[in-house]
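File shown here: start_27.txt, holding compact mmCIF, C-alpha atoms and all ligand atoms.
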```txt
# COMPACT_ATOMS: atom_id res chain seq x y z
CA MET A 1 -29.62 -34.41 63.14
CA PRO A 2 -32.34 -31.78 62.61
CA THR A 3 -31.15 -28.18 62.52
CA PRO A 4 -32.61 -25.71 65.04
CA SER A 5 -34.61 -24.14 62.18
CA SER A 6 -36.14 -27.40 61.04
CA ARG A 7 -37.04 -28.31 64.61
CA PHE A 8 -38.41 -24.82 65.09
CA LEU A 9 -40.61 -25.28 62.04
CA ARG A 10 -41.75 -28.72 63.11
CA THR A 11 -42.68 -27.53 66.58
CA ASN A 12 -44.59 -24.58 65.21
CA LEU A 13 -46.39 -26.66 62.60
CA ASN A 14 -47.33 -29.31 65.15
CA GLY A 15 -48.77 -26.63 67.36
CA PHE A 16 -50.56 -25.02 64.44
CA LEU A 17 -52.10 -28.27 63.22
CA GLY A 18 -52.88 -29.43 66.73
CA LEU A 19 -50.64 -32.47 66.27
CA GLY A 20 -48.59 -34.34 68.78
CA ASN A 21 -48.62 -34.71 72.50
CA ASN A 22 -48.95 -31.39 74.27
CA ASN A 23 -46.46 -32.25 76.99
CA ASN A 24 -43.88 -33.40 74.47
CA ASN A 25 -44.38 -30.18 72.57
CA LYS A 26 -43.92 -28.13 75.73
CA GLN A 27 -40.67 -29.94 76.55
CA GLU A 28 -39.53 -29.52 72.98
CA GLU A 29 -40.30 -25.79 73.11
CA ALA A 30 -38.46 -25.37 76.40
CA ARG A 31 -35.43 -27.18 74.96
CA LEU A 32 -35.62 -25.09 71.83
CA VAL A 33 -35.76 -21.80 73.70
CA GLN A 34 -32.64 -22.87 75.56
CA GLU A 35 -30.99 -24.02 72.37
CA VAL A 36 -31.65 -20.81 70.46
CA ASN A 37 -30.46 -18.76 73.39
CA LEU A 38 -27.26 -20.74 73.82
CA GLY A 39 -26.64 -21.38 70.14
CA ASP A 40 -23.75 -20.12 68.06
CA PRO A 41 -22.79 -16.52 68.69
CA VAL A 42 -24.89 -14.01 66.78
CA VAL A 43 -22.96 -12.83 63.74
CA MET A 44 -22.90 -9.04 63.73
CA ILE A 45 -21.89 -6.87 60.80
CA ASN A 46 -21.81 -3.18 61.77
CA ASN A 47 -23.94 -3.97 64.81
CA VAL A 48 -26.56 -5.62 62.59
CA PRO A 49 -27.17 -9.34 63.26
CA THR A 50 -27.20 -11.38 60.09
CA VAL A 51 -30.02 -13.77 59.32
CA ALA A 52 -29.82 -15.81 56.12
CA GLN A 53 -32.72 -14.95 53.88
CA GLY A 54 -35.63 -17.38 53.93
CA GLN A 55 -34.49 -18.93 57.22
CA LEU A 56 -36.57 -18.90 60.36
CA SER A 57 -34.98 -16.75 62.98
CA THR A 58 -33.39 -18.48 65.92
CA ILE A 59 -32.05 -15.31 67.45
CA THR A 60 -34.10 -14.39 70.47
CA LEU A 61 -34.07 -10.93 72.00
CA GLN A 62 -32.13 -12.25 74.96
CA ARG A 63 -29.48 -13.77 72.74
CA TYR A 64 -29.18 -10.64 70.64
CA LEU A 65 -28.78 -8.41 73.68
CA SER A 66 -26.25 -10.66 75.36
CA SER A 67 -24.16 -10.72 72.22
CA LEU A 68 -24.20 -6.91 72.23
CA VAL A 69 -23.08 -6.87 75.85
CA SER A 70 -20.27 -9.31 75.17
CA SER A 71 -18.76 -6.80 72.75
CA ASP A 72 -19.73 -3.70 74.76
CA GLU A 73 -19.92 -4.14 78.52
CA SER A 74 -21.38 -0.62 78.95
CA LEU A 75 -24.67 -1.94 77.57
CA ARG A 76 -25.24 -4.31 80.48
CA GLU A 77 -27.75 -2.09 82.30
CA MET A 78 -29.53 -1.39 79.06
CA GLU A 79 -29.80 -5.13 78.46
CA GLY A 80 -31.61 -5.54 81.79
CA LEU A 81 -33.93 -2.66 81.00
CA MET A 82 -34.80 -3.88 77.52
CA LEU A 83 -35.53 -7.38 78.80
CA SER A 84 -37.88 -5.92 81.43
CA ILE A 85 -39.65 -3.81 78.84
CA ALA A 86 -39.99 -6.89 76.61
CA MET A 87 -41.38 -8.90 79.50
CA ALA A 88 -43.95 -6.19 80.22
CA CYS A 89 -44.88 -6.06 76.53
CA LYS A 90 -45.48 -9.80 76.48
CA THR A 91 -47.86 -9.43 79.41
CA ILE A 92 -49.66 -6.47 77.82
CA SER A 93 -49.92 -8.42 74.58
CA THR A 94 -51.72 -11.22 76.43
CA LEU A 95 -54.02 -8.72 78.16
CA VAL A 96 -54.87 -7.06 74.84
CA ASN A 97 -55.47 -10.42 73.13
CA ARG A 98 -57.78 -11.59 75.86
CA ALA A 99 -59.47 -8.25 76.49
CA GLY A 100 -62.83 -9.25 75.01
CA ILE A 101 -62.83 -12.65 76.72
CA ASN A 102 -61.74 -11.35 80.12
CA GLN A 103 -64.03 -8.31 79.97
CA LEU A 104 -61.16 -5.87 79.98
CA THR A 105 -62.65 -3.63 77.31
CA GLY A 106 -64.29 -0.32 78.13
CA LEU A 107 -63.52 2.55 80.42
CA GLU A 108 -61.89 2.48 83.81
CA THR A 109 -64.51 3.84 86.15
CA ASP A 110 -64.30 5.25 89.60
CA VAL A 111 -67.18 3.89 91.64
CA MET A 112 -66.75 6.51 94.33
CA GLY A 113 -67.07 9.19 91.70
CA THR A 114 -63.85 10.99 92.58
CA ARG A 115 -60.33 10.30 91.55
CA SER A 116 -57.73 10.61 94.25
CA GLY A 117 -55.51 13.60 93.79
CA SER A 118 -57.60 15.12 91.03
CA GLN A 119 -60.75 17.15 90.64
CA SER A 120 -62.28 14.97 87.99
CA GLY A 121 -65.73 13.43 88.30
CA LYS A 122 -68.50 13.47 90.82
CA GLY A 123 -71.24 10.86 91.07
CA LYS A 124 -71.27 7.15 90.42
CA ASN A 125 -69.31 5.23 87.80
CA LYS A 126 -67.63 8.25 86.28
CA ALA A 127 -64.90 7.45 83.79
CA LYS A 128 -61.44 7.95 85.25
CA LYS A 129 -59.37 10.52 83.47
CA ASN A 130 -55.66 10.95 83.02
CA ILE A 131 -53.93 14.23 83.86
CA GLN A 132 -54.88 15.64 80.48
CA GLY A 133 -58.56 14.99 81.01
CA GLU A 134 -58.75 12.01 78.65
CA ASP A 135 -60.87 9.01 79.60
CA GLN A 136 -58.77 6.10 80.75
CA LYS A 137 -59.57 2.63 79.44
CA LYS A 138 -59.31 -0.35 81.77
CA LEU A 139 -56.38 -1.56 79.69
CA ASP A 140 -54.62 1.81 79.92
CA VAL A 141 -54.53 1.46 83.68
CA LEU A 142 -53.57 -2.22 83.66
CA SER A 143 -50.81 -1.76 81.09
CA ASN A 144 -49.41 1.14 83.07
CA GLY A 145 -49.23 -1.04 86.18
CA VAL A 146 -47.54 -3.86 84.29
CA LEU A 147 -44.85 -1.61 82.82
CA LYS A 148 -44.32 0.30 86.02
CA ASN A 149 -43.77 -2.86 88.02
CA ALA A 150 -41.54 -4.43 85.40
CA LEU A 151 -39.32 -1.34 85.33
CA LYS A 152 -39.37 -0.72 89.07
CA PHE A 153 -37.94 -4.12 89.88
CA THR A 154 -35.09 -4.02 87.40
CA GLY A 155 -33.11 -1.97 89.89
CA LYS A 156 -31.73 -0.19 86.82
CA LEU A 157 -34.10 2.75 86.64
CA GLY A 158 -34.34 5.67 89.03
CA LEU A 159 -37.24 7.62 87.62
CA LEU A 160 -40.11 7.03 85.26
CA ALA A 161 -42.92 8.97 83.67
CA SER A 162 -46.00 7.68 81.94
CA GLU A 163 -48.97 9.08 80.10
CA GLU A 164 -51.14 7.48 82.77
CA GLU A 165 -49.27 8.92 85.78
CA ASP A 166 -50.00 12.48 86.88
CA GLU A 167 -46.42 12.94 88.09
CA ALA A 168 -43.05 11.32 87.59
CA LEU A 169 -42.23 8.49 90.00
CA LEU A 170 -38.94 8.10 91.81
CA ILE A 171 -37.83 4.50 92.22
CA GLU A 172 -36.45 4.61 95.72
CA SER A 173 -34.64 1.29 95.49
CA ALA A 174 -32.63 2.35 92.44
CA LEU A 175 -31.63 5.94 92.97
CA ASP A 176 -28.07 5.43 91.76
CA SER A 177 -29.14 3.99 88.46
CA ARG A 178 -27.99 5.41 85.19
CA TYR A 179 -31.30 5.60 83.33
CA VAL A 180 -34.75 7.14 83.44
CA ALA A 181 -37.64 6.04 81.23
CA VAL A 182 -40.74 7.54 79.68
CA PHE A 183 -43.61 5.61 78.20
CA ASP A 184 -47.11 5.56 76.83
CA PRO A 185 -48.25 2.14 78.07
CA LEU A 186 -51.11 1.64 75.61
CA ASP A 187 -51.13 4.10 72.78
CA GLY A 188 -54.17 4.06 70.50
CA SER A 189 -56.32 2.63 73.27
CA SER A 190 -59.43 4.35 71.92
CA ASN A 191 -59.28 1.58 69.27
CA ILE A 192 -59.03 -1.28 71.70
CA ASP A 193 -62.71 -2.26 71.97
CA ALA A 194 -62.78 -2.75 68.20
CA SER A 195 -59.69 -5.01 68.32
CA ILE A 196 -57.69 -2.55 66.22
CA CYS A 197 -53.96 -2.43 66.77
CA THR A 198 -52.49 -0.60 69.76
CA GLY A 199 -48.97 -0.33 71.12
CA THR A 200 -46.56 0.63 73.88
CA ILE A 201 -44.12 3.48 73.17
CA PHE A 202 -40.99 3.95 75.28
CA GLY A 203 -37.90 6.08 75.57
CA VAL A 204 -34.83 5.66 77.79
CA LEU A 205 -32.64 8.60 78.78
CA GLU A 206 -29.44 8.83 80.75
CA ASP A 207 -29.96 10.52 84.09
CA ASP A 208 -27.75 13.53 84.65
CA THR A 209 -29.35 14.63 87.92
CA VAL A 210 -27.58 12.32 90.33
CA GLU A 211 -27.04 15.27 92.69
CA LEU A 212 -30.76 15.88 92.93
CA LYS A 213 -31.38 12.28 93.79
CA ASN A 214 -28.62 12.27 96.39
CA GLU A 215 -30.27 15.27 97.98
CA TYR A 216 -33.49 13.34 98.06
CA LYS A 217 -31.64 10.52 99.82
CA ARG A 218 -30.38 12.90 102.49
CA ASN A 219 -33.88 14.25 103.09
CA ASN A 220 -35.73 11.04 102.72
CA ASP A 221 -38.68 12.28 104.77
CA ASP A 222 -39.42 15.03 102.29
CA CYS A 223 -40.59 12.59 99.69
CA VAL A 224 -44.06 13.54 98.49
CA ARG A 225 -46.19 10.46 97.96
CA ASN A 226 -49.10 9.87 95.63
CA ALA A 227 -52.27 7.90 96.42
CA ASP A 228 -50.41 4.61 95.83
CA ALA A 229 -47.71 5.68 98.32
CA GLU A 230 -45.22 6.03 95.48
CA CYS A 231 -42.67 8.80 95.75
CA VAL A 232 -43.32 11.53 93.20
CA SER A 233 -40.39 13.48 91.94
CA SER A 234 -39.02 16.48 90.16
CA THR A 235 -39.00 15.74 86.45
CA GLU A 236 -35.71 17.39 85.55
CA ALA A 237 -34.00 14.24 84.31
CA LEU A 238 -36.93 13.55 82.03
CA LEU A 239 -37.01 16.97 80.41
CA GLN A 240 -34.33 16.28 77.85
CA PRO A 241 -34.74 16.72 74.11
CA GLY A 242 -35.30 13.60 72.03
CA SER A 243 -31.79 13.87 70.59
CA GLN A 244 -30.51 12.72 74.01
CA LEU A 245 -32.41 9.42 73.97
CA ALA A 246 -30.26 6.38 74.74
CA ALA A 247 -32.93 4.05 73.38
CA SER A 248 -36.45 4.24 72.07
CA GLY A 249 -39.01 1.94 70.56
CA TYR A 250 -42.47 0.53 70.50
CA CYS A 251 -44.26 -2.75 70.79
CA MET A 252 -47.24 -3.16 68.49
CA TYR A 253 -50.13 -5.43 69.46
CA SER A 254 -51.74 -6.46 66.20
CA SER A 255 -52.09 -9.63 64.09
CA SER A 256 -48.68 -10.26 65.59
CA THR A 257 -46.85 -8.60 68.47
CA ILE A 258 -43.75 -6.81 67.24
CA LEU A 259 -41.10 -5.10 69.34
CA VAL A 260 -39.11 -2.49 67.40
CA PHE A 261 -36.32 -0.48 69.01
CA THR A 262 -32.97 1.18 68.61
CA LEU A 263 -30.14 1.80 71.03
CA GLY A 264 -29.11 4.89 69.04
CA GLY A 265 -25.55 5.69 67.88
CA SER A 266 -24.35 3.09 65.40
CA HIS A 267 -27.08 0.65 66.38
CA PRO A 268 -29.77 -0.19 63.82
CA VAL A 269 -33.53 -0.14 64.22
CA ILE A 270 -34.33 -3.75 64.83
CA GLY A 271 -37.57 -5.71 65.09
CA PHE A 272 -38.49 -8.86 67.01
CA THR A 273 -41.77 -10.73 66.62
CA LEU A 274 -43.31 -12.55 69.54
CA ASP A 275 -43.53 -16.26 68.75
CA PRO A 276 -46.66 -17.24 70.68
CA GLN A 277 -45.59 -20.89 70.66
CA LEU A 278 -42.29 -20.20 72.35
CA GLY A 279 -43.33 -17.10 74.28
CA GLU A 280 -40.12 -15.46 73.03
CA PHE A 281 -39.37 -12.45 70.86
CA VAL A 282 -37.40 -13.68 67.85
CA LEU A 283 -35.49 -11.53 65.41
CA THR A 284 -37.49 -10.86 62.25
CA HIS A 285 -36.38 -7.39 61.11
CA PRO A 286 -32.58 -7.11 61.52
CA ASN A 287 -32.07 -3.63 60.06
CA MET A 288 -35.18 -1.57 59.40
CA ARG A 289 -34.74 1.32 56.96
CA VAL A 290 -37.53 3.68 55.97
CA PRO A 291 -37.85 3.82 52.16
CA LYS A 292 -36.65 7.21 50.91
CA ARG A 293 -40.07 7.86 49.38
CA GLY A 294 -43.52 6.46 49.90
CA THR A 295 -46.96 6.89 48.39
CA TYR A 296 -49.05 7.07 51.56
CA TYR A 297 -50.00 10.01 53.73
CA SER A 298 -51.33 9.29 57.19
CA VAL A 299 -53.12 12.07 58.98
CA ASN A 300 -56.58 12.70 60.47
CA GLU A 301 -58.12 14.46 57.51
CA GLY A 302 -61.30 15.16 59.48
CA ASN A 303 -59.40 18.11 60.94
CA SER A 304 -58.20 19.47 57.59
CA TRP A 305 -60.57 22.43 57.65
CA LEU A 306 -58.78 23.58 60.83
CA TRP A 307 -55.21 23.08 59.55
CA ASP A 308 -52.89 25.86 58.47
CA ALA A 309 -53.17 26.62 54.76
CA SER A 310 -49.60 25.39 54.12
CA ILE A 311 -50.44 21.90 55.39
CA ARG A 312 -53.72 21.77 53.46
CA HIS A 313 -51.83 22.84 50.37
CA TYR A 314 -49.16 20.11 50.77
CA ILE A 315 -51.70 17.29 51.32
CA ASP A 316 -53.77 18.54 48.43
CA LYS A 317 -50.76 18.51 46.10
CA ILE A 318 -49.56 15.01 46.94
CA LYS A 319 -53.00 13.42 46.74
CA ARG A 320 -53.63 14.99 43.32
CA GLY A 321 -50.28 13.74 42.04
CA GLU A 322 -48.93 17.29 41.81
CA GLY A 323 -46.16 16.87 44.38
CA GLU A 324 -42.46 16.32 43.59
CA THR A 325 -42.97 12.70 42.50
CA LYS A 326 -46.04 13.46 40.36
CA LYS A 327 -47.55 10.30 41.84
CA ARG A 328 -50.96 10.33 43.50
CA TYR A 329 -50.62 9.53 47.20
CA SER A 330 -53.21 7.38 49.00
CA SER A 331 -54.51 7.92 52.48
CA ARG A 332 -53.87 5.36 55.25
CA TYR A 333 -54.86 6.30 58.79
CA VAL A 334 -55.43 3.78 61.59
CA GLY A 335 -55.68 6.44 64.29
CA SER A 336 -53.27 4.42 66.41
CA MET A 337 -49.85 6.03 66.30
CA VAL A 338 -47.90 2.79 66.69
CA GLY A 339 -49.79 1.15 63.81
CA ASP A 340 -49.41 4.20 61.57
CA VAL A 341 -45.71 4.60 62.37
CA HIS A 342 -45.00 0.88 61.91
CA ARG A 343 -46.57 0.94 58.43
CA THR A 344 -44.66 4.12 57.58
CA LEU A 345 -41.41 2.52 58.73
CA LEU A 346 -41.99 -0.47 56.46
CA TYR A 347 -43.70 1.06 53.42
CA GLY A 348 -42.59 4.69 53.58
CA GLY A 349 -44.71 7.81 53.19
CA ILE A 350 -45.52 10.38 55.80
CA PHE A 351 -47.40 10.35 59.12
CA GLY A 352 -48.42 13.48 60.97
CA ASN A 353 -50.35 15.00 63.78
CA PRO A 354 -50.24 18.62 62.64
CA GLY A 355 -52.14 20.67 65.17
CA ASP A 356 -54.76 23.14 64.06
CA VAL A 357 -56.26 26.51 64.89
CA LYS A 358 -57.91 25.06 67.99
CA HIS A 359 -55.00 22.91 69.18
CA ARG A 360 -51.80 24.58 68.03
CA ASN A 361 -49.63 21.84 69.55
CA GLY A 362 -51.65 18.92 68.22
CA LYS A 363 -52.72 15.92 70.21
CA LEU A 364 -49.59 13.85 70.64
CA ARG A 365 -47.23 14.15 73.60
CA LEU A 366 -43.66 15.26 72.98
CA VAL A 367 -41.79 13.25 75.61
CA TYR A 368 -43.31 9.78 75.24
CA GLU A 369 -44.79 9.85 71.73
CA CYS A 370 -43.22 12.35 69.29
CA SER A 371 -39.62 12.20 70.53
CA PRO A 372 -39.18 8.41 70.84
CA MET A 373 -40.89 7.79 67.49
CA SER A 374 -38.95 10.54 65.70
CA PHE A 375 -35.68 9.22 67.17
CA LEU A 376 -36.50 5.74 65.90
CA VAL A 377 -37.53 6.88 62.44
CA GLU A 378 -34.45 9.10 62.03
CA GLN A 379 -32.26 6.23 63.18
CA ALA A 380 -33.85 4.17 60.40
CA GLY A 381 -32.85 6.77 57.82
CA GLY A 382 -36.15 8.66 57.81
CA GLY A 383 -36.95 12.24 58.78
CA SER A 384 -39.15 14.13 61.21
CA CYS A 385 -40.22 17.69 61.89
CA THR A 386 -42.74 19.79 63.78
CA SER A 387 -45.49 21.75 62.02
CA ASP A 388 -43.26 24.81 61.92
CA GLY A 389 -40.58 22.81 60.11
CA GLY A 390 -38.24 22.58 63.12
CA SER A 391 -36.62 19.45 64.50
CA VAL A 392 -38.75 17.39 66.88
CA LEU A 393 -35.61 16.01 68.47
CA GLU A 394 -34.29 19.44 69.43
CA VAL A 395 -37.41 20.58 71.30
CA VAL A 396 -36.54 20.85 75.00
CA PRO A 397 -39.62 19.80 76.97
CA GLU A 398 -40.92 22.06 79.70
CA SER A 399 -43.22 19.47 81.18
CA VAL A 400 -43.59 15.73 80.91
CA HIS A 401 -47.09 15.78 79.43
CA GLN A 402 -46.56 18.64 76.99
CA ARG A 403 -48.02 18.22 73.52
CA SER A 404 -46.23 18.72 70.25
CA THR A 405 -46.98 18.62 66.57
CA CYS A 406 -44.98 16.05 64.68
CA TRP A 407 -44.46 14.65 61.21
CA LEU A 408 -42.29 11.67 60.42
CA GLY A 409 -41.54 9.20 57.67
CA SER A 410 -39.60 8.92 54.42
CA ILE A 411 -36.80 11.46 54.31
CA GLU A 412 -37.77 12.87 50.92
CA ASP A 413 -41.43 13.16 51.86
CA VAL A 414 -40.58 14.98 55.09
CA GLU A 415 -38.23 17.33 53.20
CA GLU A 416 -40.96 18.03 50.64
CA LEU A 417 -43.38 18.92 53.43
CA ARG A 418 -40.79 21.16 55.16
CA ALA A 419 -40.53 23.28 52.05
CA TYR A 420 -44.24 24.14 52.50
CA LEU A 421 -43.84 24.83 56.22
CA ILE A 422 -40.77 27.05 56.01
CA PRO A 423 -41.20 29.87 53.49
CA GLU A 424 -38.37 29.98 50.95
CA GLU A 425 -36.82 33.24 52.18
CA THR A 426 -36.25 31.76 55.68
CA ASN A 427 -35.45 28.22 54.51
P1 LIG A 501 -55.44 7.35 71.41
O1 LIG A 501 -56.11 8.65 71.76
O2 LIG A 501 -56.42 6.30 70.95
O3 LIG A 501 -54.52 6.83 72.48
O4 LIG A 501 -51.86 9.41 71.36
C1 LIG A 501 -53.09 9.26 71.18
C2 LIG A 501 -53.66 8.67 69.89
O5 LIG A 501 -54.51 7.60 70.11
C3 LIG A 501 -52.60 8.18 68.86
O6 LIG A 501 -52.28 6.83 68.98
C4 LIG A 501 -53.26 8.47 67.56
O7 LIG A 501 -52.35 8.64 66.49
C5 LIG A 501 -54.03 9.72 67.85
O8 LIG A 501 -54.34 9.70 69.23
C6 LIG A 501 -55.30 9.78 67.07
O9 LIG A 501 -55.88 11.03 67.26
P2 LIG A 501 -57.16 11.48 66.41
O10 LIG A 501 -58.27 10.58 66.81
O11 LIG A 501 -57.36 12.88 66.80
O12 LIG A 501 -56.81 11.32 64.96
```
Encoding of this model in structure tokens:
Amino acid sequence: MPTPSSRFLRTNLNGFLGLGNNNNNKQEEARLVQEVNLGDPVVMINNVPTVAQGQLSTITLQRYLSSLVSSDESLREMEGLMLSIAMACKTISTLVNRAGINQLTGLETDVMGTRSGSQSGKGKNKAKKNIQGEDQKKLDVLSNGVLKNALKFTGKLGLLASEEEDEALLIESALDSRYVAVFDPLDGSSNIDASICTGTIFGVLEDDTVELKNEYKRNNDDCVRNADAECVSSTEALLQPGSQLAASGYCMYSSSTILVFTLGGSHPVIGFTLDPQLGEFVLTHPNMRVPKRGTYYSVNEGNSWLWDASIRHYIDKIKRGEGETKKRYSSRYVGSMVGDVHRTLLYGGIFGNPGDVKHRNGKLRLVYECSPMSFLVEQAGGGSCTSDGGSVLEVVPESVHQRSTCWLGSIEDVEELRAYLIPEETN
């Protein structure tokens, strides 16, 4: 009797080598998906599922989440949300993979020359812009739609905000729900036409504004609608510091598609890789921990002449091998936050978007980039801080699209940097 792993391997190899009857393979895959989902209960030690080393994973995302729910019923809504996010990520992964073939590269243009609800652009074929005046790629817009729809129909989410939406959207069919979500549907999209990795970043917060939503229910007619007839909302529930996140994560679209997330508290940072043969996320990284130290720094050095002297000084020291470790650090910068953070999570080192004399708050957005990523990295034993040495996770947002500086990575590297940012007398 073949074990699930050996069958898993055989199916994958057959697919890889182009062997066997396609239909038989499909049936086999369907049976396998069912088998791995219904298999033995996932063995958890301190909330971390165990996978014997060297074995192919047969723990799908669905199976992992349902085993969490069976020991903690309060996670049921979260399970539904995470499965919807994963479903959206699978779809975005396919869109990204086929972008060149399906002519989905390039900018989203507005043929009429004006963008509803905004002042941007006059004339023909002007690039559409998001609320911050950045050009939107076709895939930015598509990915936003995919995520929005996936989350809307869970019935578990009352409010959502996205980099690609001017305002927060109220989900009218789910006003009583416990959670709100924030996301950057396709981070790093300026890289997309060159097939460089991109990713989706998300954060889930508990909604503490039920009263506000009830008021909305009473005055249903007052709902202000955007061009797509969606109800736009006050953003109060979204303006919580990162420390309040109930979950955060990212999905990276690269040589493989990897979903990494944490449910906070005692839950680990955990990674699932999309098996393209099965169309399922399978557990590959059961307990991700950022190495305490790394040897990479990841920052856009083209802006170094505009940085504060303290930051220039720190980078100069570590790359010359004059930092605390006396090792020479190498530069690694993809320019796609998800790719840079994923590498930092696995290999250690430090990633930053420091801000400069022209842009004091840097380029990244606090609510759906800096906070979810810092939450994840800290949950994996790493550290994070802003360019003034403060905690990213304690910054209370004033608006959904506000920018923030942020540094994150190995705890000892972040601490070393902080000593440069906060002068000794105030440290
Ligand atoms: P992009 O504009 O391609 O979406 O958040 C935006 C972001 O990419 C991050 O993914 C990336 O880390 C950063 O911008 C890169 O900015 P610079 O080009 O200024 O280095």
Legend entry - ligand LIG 501 (chain A) neighbours within 10 Å using only C-alpha atoms and all ligand atoms, as a ChimeraX atom specification: /A:134-137,140,163,184-192,197-201,298-303,333-341,351-353,355,362-365,368-370,403
Kindly save the residues from that selection, with C-alpha atoms included, as a compact mmCIF listing (two decimals), in the frame of the given file.
```txt
# COMPACT_ATOMS: atom_id res chain seq x y z
CA GLU A 134 -58.75 12.01 78.65
CA ASP A 135 -60.87 9.01 79.60
CA GLN A 136 -58.77 6.10 80.75
CA LYS A 137 -59.57 2.63 79.44
CA ASP A 140 -54.62 1.81 79.92
CA GLU A 163 -48.97 9.08 80.10
CA ASP A 184 -47.11 5.56 76.83
CA PRO A 185 -48.25 2.14 78.07
CA LEU A 186 -51.11 1.64 75.61
CA ASP A 187 -51.13 4.10 72.78
CA GLY A 188 -54.17 4.06 70.50
CA SER A 189 -56.32 2.63 73.27
CA SER A 190 -59.43 4.35 71.92
CA ASN A 191 -59.28 1.58 69.27
CA ILE A 192 -59.03 -1.28 71.70
CA CYS A 197 -53.96 -2.43 66.77
CA THR A 198 -52.49 -0.60 69.76
CA GLY A 199 -48.97 -0.33 71.12
CA THR A 200 -46.56 0.63 73.88
CA ILE A 201 -44.12 3.48 73.17
CA SER A 298 -51.33 9.29 57.19
CA VAL A 299 -53.12 12.07 58.98
CA ASN A 300 -56.58 12.70 60.47
CA GLU A 301 -58.12 14.46 57.51
CA GLY A 302 -61.30 15.16 59.48
CA ASN A 303 -59.40 18.11 60.94
CA TYR A 333 -54.86 6.30 58.79
CA VAL A 334 -55.43 3.78 61.59
CA GLY A 335 -55.68 6.44 64.29
CA SER A 336 -53.27 4.42 66.41
CA MET A 337 -49.85 6.03 66.30
CA VAL A 338 -47.90 2.79 66.69
CA GLY A 339 -49.79 1.15 63.81
CA ASP A 340 -49.41 4.20 61.57
CA VAL A 341 -45.71 4.60 62.37
CA PHE A 351 -47.40 10.35 59.12
CA GLY A 352 -48.42 13.48 60.97
CA ASN A 353 -50.35 15.00 63.78
CA GLY A 355 -52.14 20.67 65.17
CA GLY A 362 -51.65 18.92 68.22
CA LYS A 363 -52.72 15.92 70.21
CA LEU A 364 -49.59 13.85 70.64
CA ARG A 365 -47.23 14.15 73.60
CA TYR A 368 -43.31 9.78 75.24
CA GLU A 369 -44.79 9.85 71.73
CA CYS A 370 -43.22 12.35 69.29
CA ARG A 403 -48.02 18.22 73.52
```
To test the calculation: enclose all listed atoms of range 302-314 of chain A in a box whose edges run along x, y and z, add 5 Å on each side, then state centre and edge lengths in Å to one decimal, as lines of an AutoDock Vina configuration file.
```
center_x = -55.2
center_y = 20.9
center_z = 55.7
size_x = 22.1
size_y = 21.5
size_z = 20.6
```
Legend entry - Selected residue, from A:Ser93, A:Ser71, A:Thr105, A:Thr295, that lies nearest to Asn46 in chain A when counting all atoms listed in the file: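 Residue with the minimum atom-to-atom distance to Asn46 in chain A: A:Ser71.
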Legend entry - d(CA of Ser304 in chain A, CA of Glu322 in chain A) in Å: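 A separation of 18.4 Å between them.
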Inset, instruction - Please measure the separation of CA of Tyr253 in chain A and CA of Pro397 in chain A, giving the value in Å to one decimal. - result: 28.3 Å
Legend entry - Computed interatomic separation between CA of Tyr347 in chain A and CA of Thr405 in chain A (Å):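 Taking CA of Tyr347 in chain A as the start and CA of Thr405 in chain A as the end point, the length is 22.2 Å.
Taking all atoms listed in the file into account, Met87 in chain A lies nearest to A:Asn149 out of the set A:Ser67, A:Thr262, A:Asn130, A:Asn149.
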Inset, instruction - Tell me which protein, DNA and RNA residues are within 10 Å of Arg293 in chain A, counting all atoms listed in the file, leaving out same-chain ones fewer than 3 positions away, and put them as a count of residues only. - result: 14
Inset, instruction - Would you list the contacts of Leu259 in chain A as a ChimeraX atom specification, taking every protein, DNA or RNA residue within 12 Å and counting all atoms listed in the file, but skipping same-chain residues closer than 4 positions in sequence? - result: /A:60-61,82-83,85-90,93,199-202,248-254,269-275,280-286,338,342
Inset, instruction - Would you please work out which residue, of A:Arg332, A:Thr91, A:Ser371, A:Val180, is nearest to Gly279 in chain A when using all atoms listed in the file? - result: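 Going through A:Arg332, A:Thr91, A:Ser371, A:Val180 one by one, the smallest distance to Gly279 in chain A is for A:Thr91.
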Inset, instruction - Do a neighbour search on Tyr314 in chain A at 9 Å with only C-alpha atoms, toss out local chain neighbours closer than 6 positions, and write the hits as a PyMOL selection string. - result: chain A and resi 323+416-417+420-421
Inset, instruction - Select, from A:Gly383, A:Gly158, A:Val69, A:Asn47, the residue with the minimum atom-to-atom distance to Cys231 in chain A, counting only C-alpha atoms. - result: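 Ranking A:Gly383, A:Gly158, A:Val69, A:Asn47 by distance to Cys231 in chain A, first place goes to A:Gly158.
Taking all atoms listed in the file into account, Pro276 in chain A lies nearest to A:Asn97 out of the set A:Thr50, A:Asn97, A:Gln62, A:Ser162.
Using all atoms listed in the file, the shortest contact distance between Ser143 in chain A and any of A:Leu366, A:Leu107, A:Ile92, A:Leu160 is found at A:Ile92.
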Legend entry - Contacts of Leu159 in chain A within 7 Å, only C-alpha atoms, excl. fewer than 4 positions in-chain, as an NGL selection string: :A and (168-171 or 180-181)
